[in-house]
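**Student:** This is the content of final.txt (compact mmCIF, C-alpha atoms):
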# COMPACT_ATOMS: atom_id res chain seq x y z
CA MET E 1 66.43 27.16 71.54
CA PRO E 2 66.96 26.44 75.21
CA ILE E 3 63.50 25.07 76.01
CA VAL E 4 63.74 21.30 76.30
CA VAL E 5 60.67 19.07 75.89
CA ASN E 6 60.86 16.14 78.30
CA LEU E 7 57.97 14.28 76.74
CA ASP E 8 59.76 10.94 76.64
CA VAL E 9 60.40 11.15 80.41
CA MET E 10 56.68 11.65 81.14
CA LEU E 11 55.71 8.94 78.67
CA ALA E 12 58.05 6.51 80.46
CA LYS E 13 56.62 7.50 83.85
CA ARG E 14 53.07 6.95 82.62
CA LYS E 15 54.09 3.83 80.70
CA MET E 16 52.56 5.13 77.50
CA SER E 17 53.92 5.05 73.96
CA LEU E 18 54.07 7.98 71.60
CA THR E 19 51.54 6.32 69.33
CA GLU E 20 49.02 5.97 72.15
CA LEU E 21 49.54 9.59 73.16
CA SER E 22 49.03 10.77 69.57
CA GLU E 23 45.73 8.86 69.39
CA LYS E 24 44.53 10.26 72.70
CA VAL E 25 45.44 13.92 72.10
CA ASN E 26 44.48 13.80 68.40
CA ILE E 27 47.85 15.00 67.12
CA THR E 28 49.72 13.23 64.36
CA LEU E 29 52.64 11.01 65.25
CA ALA E 30 54.88 13.14 63.01
CA ASN E 31 54.09 16.30 64.95
CA LEU E 32 54.60 14.57 68.28
CA SER E 33 57.96 13.30 67.02
CA ILE E 34 58.91 16.86 66.09
CA LEU E 35 57.92 17.98 69.57
CA LYS E 36 59.81 15.16 71.26
CA SER E 37 62.97 15.70 69.21
CA GLY E 38 63.11 19.41 70.04
CA LYS E 39 62.63 20.66 66.47
CA ALA E 40 59.32 22.36 67.20
CA LYS E 41 59.36 26.19 67.09
CA ALA E 42 56.22 26.73 69.16
CA ILE E 43 53.44 24.87 70.90
CA ARG E 44 49.84 25.92 71.18
CA PHE E 45 48.24 26.15 74.59
CA SER E 46 45.50 23.83 73.38
CA THR E 47 48.09 21.19 72.50
CA LEU E 48 49.89 21.62 75.85
CA GLU E 49 46.55 21.38 77.66
CA ALA E 50 45.67 18.17 75.80
CA ILE E 51 49.05 16.57 76.56
CA CYS E 52 48.99 17.57 80.24
CA GLU E 53 45.43 16.30 80.60
CA THR E 54 46.34 12.96 79.02
CA LEU E 55 49.60 12.50 80.94
CA ASP E 56 48.15 13.99 84.15
CA CYS E 57 51.04 16.38 84.72
CA GLN E 58 51.95 20.05 84.84
CA PRO E 59 53.43 22.04 81.90
CA GLY E 60 56.64 22.39 83.92
CA ASP E 61 56.98 18.60 83.94
CA ILE E 62 57.14 18.58 80.13
CA LEU E 63 58.91 21.88 79.40
CA GLU E 64 62.23 22.77 80.95
CA TYR E 65 64.48 25.79 80.43
CA VAL E 66 68.24 25.15 80.15
CA ASP E 67 71.01 27.64 79.44
CA ASP E 68 72.75 27.74 76.03
CA LYS E 69 75.79 25.70 77.04
CA ALA E 70 73.80 22.95 78.65
CA TYR E 71 71.37 22.97 75.69
CA LYS E 72 74.18 22.54 73.17
CA ARG E 73 75.64 19.74 75.26
CA LEU E 74 72.27 18.11 75.45
CA MET E 75 71.57 18.38 71.71
CA ARG E 76 75.19 17.51 70.98
CA ILE E 77 75.70 20.62 68.78
CA MET F 1 74.96 40.45 64.07
CA PHE F 2 76.85 43.70 64.49
CA ARG F 3 79.74 42.31 62.44
CA LYS F 4 77.39 41.24 59.64
CA ASN F 5 75.82 44.70 59.48
CA LEU F 6 79.26 46.27 59.55
CA ILE F 7 80.44 44.15 56.63
CA LYS F 8 77.29 44.97 54.66
CA GLY F 9 77.67 48.68 55.36
CA VAL F 10 81.33 48.68 54.35
CA THR F 11 80.55 46.82 51.11
CA VAL F 12 77.80 49.28 50.14
CA ALA F 13 80.01 52.25 51.00
CA ALA F 14 82.88 50.80 48.96
CA CYS F 15 80.61 50.35 45.92
CA ILE F 16 79.37 53.95 46.18
CA VAL F 17 82.90 55.32 46.51
CA TYR F 18 84.05 53.25 43.55
CA VAL F 19 81.23 54.53 41.35
CA LEU F 20 81.94 58.12 42.40
CA LEU F 21 85.62 57.67 41.60
CA LEU F 22 84.74 56.28 38.22
CA THR F 23 82.49 59.18 37.34
CA THR F 24 84.56 62.04 38.68
CA HIS F 25 88.23 61.12 38.61
CA PHE F 26 88.71 58.79 35.66
CA SER F 27 89.49 60.83 32.59
CA PHE F 28 87.76 58.77 29.93
CA PRO F 29 87.21 60.86 26.86
CA SER F 30 83.57 61.59 26.38
CA GLY F 31 81.70 62.95 23.45
CA SER F 32 79.37 65.86 23.97
CA ASP F 33 76.17 67.05 22.37
CA THR F 34 76.63 70.69 23.27
CA ASP F 35 79.63 72.90 22.62
CA GLU F 36 80.42 75.89 24.72
CA TYR F 37 81.26 78.03 21.70
CA SER F 38 79.35 79.17 18.65
CA TYR F 39 81.38 78.96 15.49
CA SER F 40 82.10 81.05 12.46
CA VAL F 41 83.58 78.69 9.89
CA SER F 42 84.89 79.19 6.41
CA TYR F 43 83.81 76.11 4.50
CA PRO F 44 85.99 74.95 1.62
CA ASP F 45 84.64 76.40 -1.64
CA ARG F 46 85.18 73.53 -3.97
CA ASP F 47 85.72 70.82 -1.38
CA THR F 48 88.20 68.77 -3.37
CA ALA F 49 90.28 68.14 -0.28
CA PHE F 50 87.57 66.86 2.05
CA GLY F 51 85.94 64.04 0.09
CA GLY F 52 82.83 66.06 -0.64
CA VAL F 53 81.52 66.23 2.94
CA PHE F 54 81.14 70.00 2.64
CA TYR F 55 79.56 69.87 -0.81
CA ARG F 56 76.71 72.38 -0.49
CA PRO F 57 76.69 74.45 -3.65
CA HIS F 58 74.41 77.45 -3.81
CA VAL F 59 71.56 77.23 -6.32
CA ASN F 60 70.47 80.37 -8.12
CA ASP F 61 67.02 81.37 -6.81
CA SER F 62 66.14 83.18 -10.01
CA LEU F 63 66.10 80.03 -12.15
CA PRO F 64 62.74 78.63 -13.35
CA TYR F 65 61.22 76.30 -10.80
CA TYR F 66 61.64 73.08 -12.83
CA ARG F 67 65.35 73.80 -13.42
CA TYR F 68 65.87 74.80 -9.76
CA LYS F 69 64.18 71.55 -8.66
CA HIS F 70 66.26 69.49 -11.11
CA ILE F 71 69.53 71.00 -9.83
CA GLU F 72 68.40 70.62 -6.22
CA ASP F 73 67.55 66.93 -6.82
CA SER F 74 70.94 66.36 -8.48
CA ILE F 75 72.75 67.97 -5.55
CA ARG F 76 70.73 65.91 -3.11
CA GLN F 77 71.63 62.69 -5.00
CA ILE F 78 75.31 63.64 -4.96
CA THR F 79 75.33 64.47 -1.23
CA GLU F 80 73.46 61.25 -0.46
CA ARG F 81 75.98 59.29 -2.47
CA ILE F 82 78.86 60.97 -0.62
CA LYS F 83 77.13 60.28 2.69
CA TYR F 84 76.52 56.67 1.62
CA LYS F 85 80.16 56.27 0.64
CA ASN F 86 81.39 57.73 3.92
CA GLU F 87 78.96 56.27 6.41
CA GLU F 88 77.03 53.34 5.08
CA ILE F 89 77.85 50.12 6.82
CA ARG F 90 76.51 46.85 5.65
CA ARG F 91 77.00 43.19 6.37
CA ILE F 92 77.71 43.36 10.06
CA ILE F 93 78.18 39.74 10.96
CA PHE F 94 78.22 39.83 14.72
CA TYR F 95 77.06 42.54 17.06
CA ILE F 96 76.83 42.29 20.84
CA GLY F 97 76.11 45.48 22.74
CA ALA F 98 79.30 47.49 22.87
CA PHE F 99 81.18 45.73 20.08
CA GLY F 100 80.86 43.60 17.01
CA ILE F 101 82.73 42.35 13.98
CA GLY F 102 81.91 42.63 10.35
CA ARG F 103 82.97 42.78 6.75
CA ILE F 104 81.92 45.87 4.95
CA LYS F 105 81.28 46.50 1.29
CA ASP F 106 83.36 49.55 0.58
CA GLU F 107 82.33 52.30 -1.84
CA PRO F 108 79.38 50.74 -3.61
CA PHE F 109 79.18 50.92 -7.37
CA MET F 110 76.63 53.23 -8.92
CA ASP F 111 75.41 53.02 -12.52
CA THR F 112 77.43 56.11 -13.43
CA ASP F 113 80.65 54.26 -12.48
CA PHE F 114 80.23 52.07 -15.58
CA ILE F 115 79.59 54.77 -18.17
CA ALA F 116 82.98 54.09 -19.79
CA ASP F 117 82.14 50.43 -20.50
CA SER F 118 81.82 49.92 -24.30
CA ILE F 119 78.70 47.75 -24.16
CA VAL F 120 76.94 50.19 -21.81
CA ARG F 121 77.92 53.05 -24.13
CA LYS F 122 76.52 51.29 -27.21
CA LEU F 123 73.28 50.45 -25.41
CA SER F 124 72.95 54.04 -24.14
CA ASP F 125 73.57 55.42 -27.67
CA SER F 126 70.95 53.04 -29.14
CA SER F 127 68.50 54.06 -26.46
CA PHE F 128 69.10 57.74 -27.19
CA LEU F 129 68.60 57.27 -30.97
CA LEU F 130 65.41 55.29 -30.48
CA SER F 131 64.08 57.95 -28.08
CA GLN F 132 64.72 60.61 -30.73
CA LYS F 133 62.94 58.46 -33.33
CA LEU F 134 59.99 57.93 -30.98
CA MET F 135 59.47 61.68 -30.66
CA ASN F 136 58.90 61.99 -34.43
CA LEU F 137 56.65 58.95 -34.94
CA GLN F 138 52.87 59.12 -35.49
CA GLY F 139 51.50 55.58 -35.77
CA ALA F 140 50.47 53.78 -32.54
CA ASP F 141 51.88 50.41 -33.70
CA SER F 142 55.27 51.93 -34.53
CA MET F 143 55.38 53.77 -31.22
CA THR F 144 54.55 50.56 -29.33
CA ALA F 145 57.30 48.68 -31.20
CA ILE F 146 59.87 51.39 -30.39
CA ARG F 147 58.81 51.43 -26.74
CA ASN F 148 59.26 47.66 -26.54
CA LEU F 149 62.74 48.04 -28.04
CA LEU F 150 63.57 50.74 -25.49
CA ASP F 151 62.42 48.47 -22.66
CA ASP F 152 64.57 45.66 -24.04
CA ILE F 153 67.63 47.93 -24.25
CA ASP F 154 67.03 49.15 -20.70
CA LEU F 155 66.84 45.54 -19.46
CA ARG F 156 70.09 44.66 -21.24
CA ARG F 157 71.75 47.71 -19.71
CA ARG F 158 70.59 46.66 -16.19
CA LEU F 159 71.97 43.17 -16.75
CA ARG F 160 75.27 44.62 -17.93
CA TYR F 161 75.47 46.87 -14.83
CA ASN F 162 74.88 43.86 -12.56
CA GLU F 163 77.50 41.82 -14.40
CA LEU F 164 80.04 44.62 -14.06
CA ARG F 165 79.24 45.07 -10.36
CA ARG F 166 79.78 41.36 -9.82
CA GLN F 167 83.11 41.41 -11.66
CA GLN F 168 84.33 44.48 -9.80
CA GLY F 169 83.14 43.10 -6.49
CA GLU F 170 85.07 39.85 -6.96
CA LYS F 171 88.28 41.75 -7.59
CA LYS F 172 87.91 43.89 -4.48
CA GLU F 173 88.88 42.45 -1.14
CA THR F 174 86.27 43.12 1.51
CA PRO F 175 87.95 44.60 4.57
CA TYR F 176 87.47 43.22 8.05
CA TYR F 177 86.52 45.44 10.98
CA LEU F 178 86.07 45.37 14.70
CA ILE F 179 83.08 47.58 15.50
CA LEU F 180 83.00 49.67 18.67
CA ASN F 181 79.71 51.30 19.60
CA GLY F 182 78.91 54.40 21.56
CA TYR F 183 81.44 56.90 20.17
CA LYS F 184 80.33 60.48 19.59
CA LYS F 185 82.04 63.42 17.96
CA LYS F 186 83.30 65.84 20.59
CA ASN F 187 82.77 68.75 18.21
CA HIS F 188 79.74 68.68 15.94
CA LEU F 189 81.76 70.27 13.13
CA THR F 190 84.10 67.28 12.88
CA GLU F 191 83.39 65.12 9.84
CA PHE F 192 84.67 61.73 8.79
CA PHE F 193 85.24 61.00 5.10
CA ARG F 194 86.80 58.39 2.84
CA ASP F 195 89.24 59.56 0.22
CA LYS F 196 91.08 57.25 -2.19
CA GLY F 197 90.64 54.29 0.13
CA THR F 198 91.95 56.07 3.24
CA ASN F 199 90.09 57.16 6.38
CA ASN F 200 90.24 60.86 7.13
CA LEU F 201 88.91 63.41 9.58
CA ALA F 202 87.99 66.99 8.74
CA TYR F 203 88.31 68.92 11.97
CA PHE F 204 87.82 72.52 12.93
CA VAL F 205 90.88 74.67 13.72
CA ALA F 206 90.19 77.95 15.46
CA ASP F 207 91.99 81.01 14.08
CA SER F 208 90.59 83.43 16.62
CA SER F 209 88.35 83.29 19.64
CA ARG F 210 86.43 86.01 21.48
CA GLU F 211 83.28 86.37 23.54
CA GLY F 212 82.08 82.79 23.12
CA MET F 213 82.61 82.83 19.34
CA GLN F 214 85.36 80.97 17.53
CA SER F 215 86.36 81.64 13.94
CA GLY F 216 88.41 79.20 11.93
CA HIS F 217 88.78 76.80 9.08
CA PHE F 218 88.92 73.07 8.42
CA GLU F 219 91.94 70.86 8.19
CA ARG F 220 92.18 67.21 7.36
CA ARG F 221 94.12 64.36 8.87
CA GLN F 222 94.37 60.69 7.99
CA ILE F 223 93.29 58.32 10.76
CA ALA F 224 93.60 54.59 11.28
CA VAL F 225 89.94 53.87 11.98
CA ARG F 226 86.69 54.38 10.17
CA TYR F 227 83.70 56.17 11.72
CA ALA F 228 79.97 55.85 11.09
CA THR F 229 78.39 59.15 12.15
CA ASN F 230 74.76 58.07 12.13
CA ASP F 231 75.36 54.85 14.06
CA GLN F 232 78.08 56.38 16.30
CA ARG F 233 80.44 53.48 15.69
CA VAL F 234 84.19 53.29 15.34
CA LEU F 235 85.46 50.60 12.97
CA VAL F 236 88.94 49.28 13.67
CA PRO F 237 90.55 47.53 10.67
CA LEU F 238 91.56 43.93 11.31
CA THR F 239 93.64 41.39 9.46
CA LYS F 240 92.01 38.15 8.40
CA TYR F 241 93.53 36.22 11.32
CA GLN F 242 92.57 38.89 13.86
CA TYR F 243 89.05 38.84 12.45
CA TRP F 244 88.66 35.09 12.92
CA ALA F 245 90.15 35.29 16.44
CA ALA F 246 87.65 38.04 17.25
CA TRP F 247 84.95 35.87 15.70
CA VAL F 248 85.75 33.08 18.20
CA VAL F 249 85.67 35.57 21.09
CA CYS F 250 82.36 36.95 19.84
CA CYS F 251 80.89 33.45 19.62
CA ILE F 252 81.82 32.72 23.23
CA ALA F 253 80.63 36.12 24.41
CA GLY F 254 77.51 35.78 22.30
CA CYS F 255 76.66 32.44 23.91
CA CYS F 256 76.97 34.03 27.35
CA VAL F 257 75.03 37.11 26.34
CA ILE F 258 72.26 35.08 24.72
CA PHE F 259 71.91 32.16 27.10
CA LEU F 260 72.43 34.03 30.36
CA PRO F 261 69.48 36.40 29.82
CA ILE F 262 67.34 33.50 28.61
CA TYR F 263 68.15 31.58 31.79
CA ILE F 264 67.68 34.60 34.06
CA LEU F 265 64.63 36.15 32.44
CA ILE F 266 62.77 33.08 31.20
CA ALA F 267 63.92 29.80 32.75
CA LEU F 268 64.16 30.93 36.37
CA PRO F 269 60.82 32.80 36.42
CA ILE F 270 59.12 29.80 34.83
CA GLN F 271 60.55 27.56 37.55
CA ILE F 272 59.35 29.99 40.22
CA VAL F 273 55.85 30.25 38.77
CA THR F 274 55.65 26.45 38.39
CA SER F 275 56.58 25.85 42.01
CA ILE F 276 54.11 28.52 43.19
CA SER F 277 51.34 26.94 41.13
CA GLU F 278 52.14 23.61 42.78
CA GLY F 279 51.63 25.21 46.21
CA ARG F 280 55.32 25.39 47.05
CA ALA F 281 55.78 29.14 47.02
CA PHE F 282 58.00 29.77 50.01
CA THR F 283 60.79 27.32 49.45
CA PHE F 284 64.54 27.67 49.74
CA GLN F 285 64.86 26.97 45.97
CA ASN F 286 62.65 29.94 45.09
CA ILE F 287 64.64 32.22 47.37
CA ARG F 288 67.81 31.06 45.64
CA ARG F 289 66.24 31.62 42.20
CA PHE F 290 65.32 35.22 43.03
CA ARG F 291 68.85 35.83 44.26
CA LEU F 292 70.22 34.34 41.04
CA ILE F 293 67.97 36.60 38.95
CA GLY F 294 69.17 39.64 40.88
CA ILE F 295 72.85 38.67 40.64
CA GLY F 296 72.50 37.84 36.94
CA LEU F 297 70.90 41.19 36.12
CA VAL F 298 73.58 43.04 38.09
CA VAL F 299 76.33 41.12 36.26
CA LEU F 300 74.78 41.80 32.83
CA SER F 301 74.34 45.50 33.52
CA LEU F 302 77.90 45.82 34.87
CA ILE F 303 79.26 44.06 31.77
CA ALA F 304 77.30 46.44 29.52
CA LEU F 305 78.43 49.40 31.63
CA PHE F 306 82.16 48.73 31.67
CA THR F 307 82.77 46.94 28.35
CA PRO F 308 83.02 50.21 26.35
CA TYR F 309 85.69 51.50 28.73
CA LEU F 310 87.64 48.23 28.65
CA LEU F 311 87.62 48.35 24.85
CA TRP F 312 88.72 51.98 24.94
CA LEU F 313 91.72 50.97 27.07
CA PHE F 314 92.75 48.54 24.33
CA PHE F 315 92.16 50.84 21.37
CA HIS F 316 92.63 54.40 22.67
CA HIS F 317 95.97 54.71 20.88
CA ILE F 318 94.32 54.47 17.45
CA ILE F 319 90.99 56.17 18.12
CA PRO F 320 91.36 59.88 17.30
CA ASP F 321 90.90 62.41 20.09
CA GLU F 322 88.01 63.99 18.22
CA LEU F 323 85.88 60.95 19.05
CA GLY F 324 84.85 60.10 22.56
CA LEU F 325 82.65 57.65 24.41
CA LYS F 326 79.21 58.64 25.57
CA PRO F 327 79.24 60.15 29.08
CA PHE F 328 79.28 57.60 31.87
CA TRP F 329 75.96 58.78 33.27
CA GLU F 330 74.30 58.24 29.88
CA ILE F 331 75.45 54.63 29.73
CA LEU F 332 74.50 54.19 33.40
CA LEU F 333 70.99 55.49 32.68
CA GLN F 334 70.65 52.92 29.89
CA GLN F 335 71.45 50.17 32.39
CA LEU F 336 69.16 51.60 35.06
CA PRO F 337 66.14 49.42 34.18
CA TRP F 338 68.28 46.28 34.56
CA MET F 339 69.67 47.48 37.88
CA LEU F 340 66.20 48.33 39.14
CA GLY F 341 65.07 44.89 38.00
CA ALA F 342 67.92 43.36 40.00
CA LEU F 343 66.92 45.40 43.06
CA GLY F 344 63.33 44.25 42.65
CA ALA F 345 64.43 40.62 42.42
CA PHE F 346 66.53 40.95 45.59
CA LEU F 347 63.63 42.58 47.44
CA ILE F 348 61.18 39.90 46.36
CA GLY F 349 63.72 37.27 47.38
CA LYS F 350 63.93 38.87 50.81
CA ALA F 351 60.15 38.83 51.08
CA PHE F 352 60.09 35.17 50.10
CA GLU F 353 62.77 34.49 52.72
CA LYS F 354 60.59 36.06 55.38
CA GLY F 355 57.63 34.08 54.09
CA TYR F 356 59.71 30.90 54.24
CA LYS F 357 60.61 31.58 57.88
CA LEU F 358 56.98 32.27 58.78
CA GLN F 359 55.91 29.13 56.98
CA GLN F 360 58.53 27.08 58.80
CA GLU F 361 57.40 28.53 62.12
CA ASN F 362 53.80 27.73 61.28
CA THR F 363 54.70 24.22 60.16
CA LEU F 364 56.71 23.59 63.30
CA THR F 365 54.07 24.96 65.63
CA ILE F 366 52.43 21.93 67.24
Would you give me this structure, written as structure tokens?

**Tutor:**
Amino acid sequence: MPIVVNLDVMLAKRKMSLTELSEKVNITLANLSILKSGKAKAIRFSTLEAICETLDCQPGDILEYVDDKAYKRLMRI
Amino acid sequence: MFRKNLIKGVTVAACIVYVLLLTTHFSFPSGSDTDEYSYSVSYPDRDTAFGGVFYRPHVNDSLPYYRYKHIEDSIRQITERIKYKNEEIRRIIFYIGAFGIGRIKDEPFMDTDFIADSIVRKLSDSSFLLSQKLMNLQGADSMTAIRNLLDDIDLRRRLRYNELRRQQGEKKETPYYLILNGYKKKNHLTEFFRDKGTNNLAYFVADSSREGMQSGHFERRQIAVRYATNDQRVLVPLTKYQYWAAWVVCCIAGCCVIFLPIYILIALPIQIVTSISEGRAFTFQNIRRFRLIGIGLVVLSLIALFTPYLLWLFFHHIIPDELGLKPFWEILLQQLPWMLGALGAFLIGKAFEKGYKLQQENTLTI
């Protein structure tokens, strides 16, 4: 699925850990890990809104489209 | 995706073509219920050459009713005995669908077979004399005493019959048979009969034929196999060693035939229901179980469908041409419920697969 979630980049920029983010947006750590690792199939707007509000960023900062080749290289498939 | 669909389409088309070939081009002999002709047959008058299968003597209608009934009952007993001798099969040891093995008691002994025995004769004579005496007696005590004696003689005669049956049975060797099911007579006039320990067929031979009517007579021919008309079974004689080899094969086949349906129809559904009750309905294991149920049912129905034809390939050289397998469509119809069950299992498996995907999507939606 060639939509990459750059959550770890934004977390590094904002100097926040995944655990802190999960507490602030009220999503379990397991789900955030799934999102971060790229295994998620879909994301709700409400979740995206909560993350963007917490990290003070735009959806485009977290979600990025890459083509199939680049995606496979990235995920090392 | 296109390649997958192409492969699926080619596989389905190949299966359909194969089934059509099997039904239309393979010339397996098949029995038939209906004949295209009506027949005018001269039945043998005294029937000494056909083992009594055509024994249907005419009873004089002008006789008093009680005598007519007595003769009719005697004829019925004789024809039943002939039918019993020719067709009755007992002591089938192993029977799985299209085939089985067994040892059969040949030509059972009736009481009349032991009339020549000296002890039976003496007891019968005593019984007759006492019966005559009873008719002329007056006193109740004397009549009761004579009746008790008659009962005692009858008991002794029964015991003697059983002893003689046991002795005769020990001397006779019980033959071994391989039993093939699903064989019908191609012509309803054909009859099987046993004569002096040999297997024979009485078959119709047409002398003339015109306008849908055939006239003819019966001829007889000795055959290698035995046939049970009521059960539609062919019995192939086996030697002792062949019988025990077949017994081993039947045990192995029996294990498969017994345990496979138990696993498919009981164990797998129980596992599915258990996982559903635990809230794990749409799992990969359940999808696999439904597929296994479908595949298992297909395999069982295909085995039942083609086993008769495989056996015919082995034994067609000794099975007479007058006997043929049931039509392919008839056997196919018998397997239809299993095939529909397999289709149902595959469809439910597909539905569970879709449910699994939806569940995964829902689970992985953050």

**Student:** Which is closer to Phe328 (chain F) than all the others in F:Arg288, F:Tyr183, F:Trp244, F:Ile264, using all atoms listed in the file?

**Tutor:**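 Going through F:Arg288, F:Tyr183, F:Trp244, F:Ile264 one by one, the smallest distance to Phe328 (chain F) is for F:Tyr183.
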
**Student:** Write down, as a PyMOL selection string, each residue of chain F that has any atom within 9 Å of an atom of chain E, counting only C-alpha atoms.

**Tutor:** chain F and resi 360-366

**Student:** Have a look at F:Leu347, F:Ala145, F:Leu305, F:Ile153 and name the one nearest to Arg121 (chain F); count all atoms listed in the file.

**Tutor:**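 The closest residue to Arg121 (chain F) is F:Ile153.
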
**Student:** What does the distance between CA of Val249 (chain F) and CA of Leu268 (chain F) come to in Å, to one decimal place?

**Tutor:** 26.8 Å

**Student:** So how far away is CA of Ser301 (chain F) from CA of Asn187 (chain F), in Å?

**Tutor:**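 Distance between the two atoms: 29.1 Å.
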
**Student:** I'd like the neighbourhood of Tyr65 (chain E) as an mmCIF file with C-alpha atoms, in the frame of the given file, where a residue qualifies if any of its atoms comes within 10 Å (using only C-alpha atoms), though same-chain residues fewer than 4 positions away should be ignored.

**Tutor:**
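Everything below was put into selection.cif:
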data_model
loop_
_atom_site.group_PDB
_atom_site.id
_atom_site.type_symbol
_atom_site.label_atom_id
_atom_site.label_comp_id
_atom_site.auth_asym_id
_atom_site.auth_seq_id
_atom_site.Cartn_x
_atom_site.Cartn_y
_atom_site.Cartn_z
ATOM 1 C CA MET E 1 66.430 27.160 71.540
ATOM 2 C CA PRO E 2 66.960 26.440 75.210
ATOM 3 C CA ILE E 3 63.500 25.070 76.010
ATOM 4 C CA VAL E 4 63.740 21.300 76.300
ATOM 5 C CA VAL E 5 60.670 19.070 75.890
ATOM 6 C CA GLY E 60 56.640 22.390 83.920
ATOM 7 C CA ALA E 70 73.800 22.950 78.650
ATOM 8 C CA TYR E 71 71.370 22.970 75.690
#

**Student:** Please compute the CA of Asn60 (chain F)-CA of Leu189 (chain F) distance, one decimal, in Å.

**Tutor:**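 That distance, rounded to one decimal, is 26.1 Å.
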
**Student:** Pick out the residues sitting within 12 Å of Ala12 (chain E), and hand them over as a PyMOL selection string; count all atoms listed in the file, and ignore anything fewer than 5 positions along from it in its own chain.

**Tutor:** chain E and resi 6-7+17-18+21+55

**Student:** Find, counting all atoms listed in the file, the residue in F:Ser209, F:Tyr203, F:Leu178, F:Leu150 that gets nearest to Arg226 (chain F).

**Tutor:** F:Leu178

**Student:** Considering only C-alpha atoms, can you say which of F:Gly102, F:Gln242, F:Ile293, F:Glu72 comes closest to Tyr263 (chain F)?

**Tutor:** F:Ile293

**Student:** Excluding same-chain residues fewer than 3 positions from region 231-238 of chain F, what lies within 8 Å of it counting all atoms listed in the file, as a PyMOL selection string?

**Tutor:** chain F and resi 175-184+224-228+241-243+319
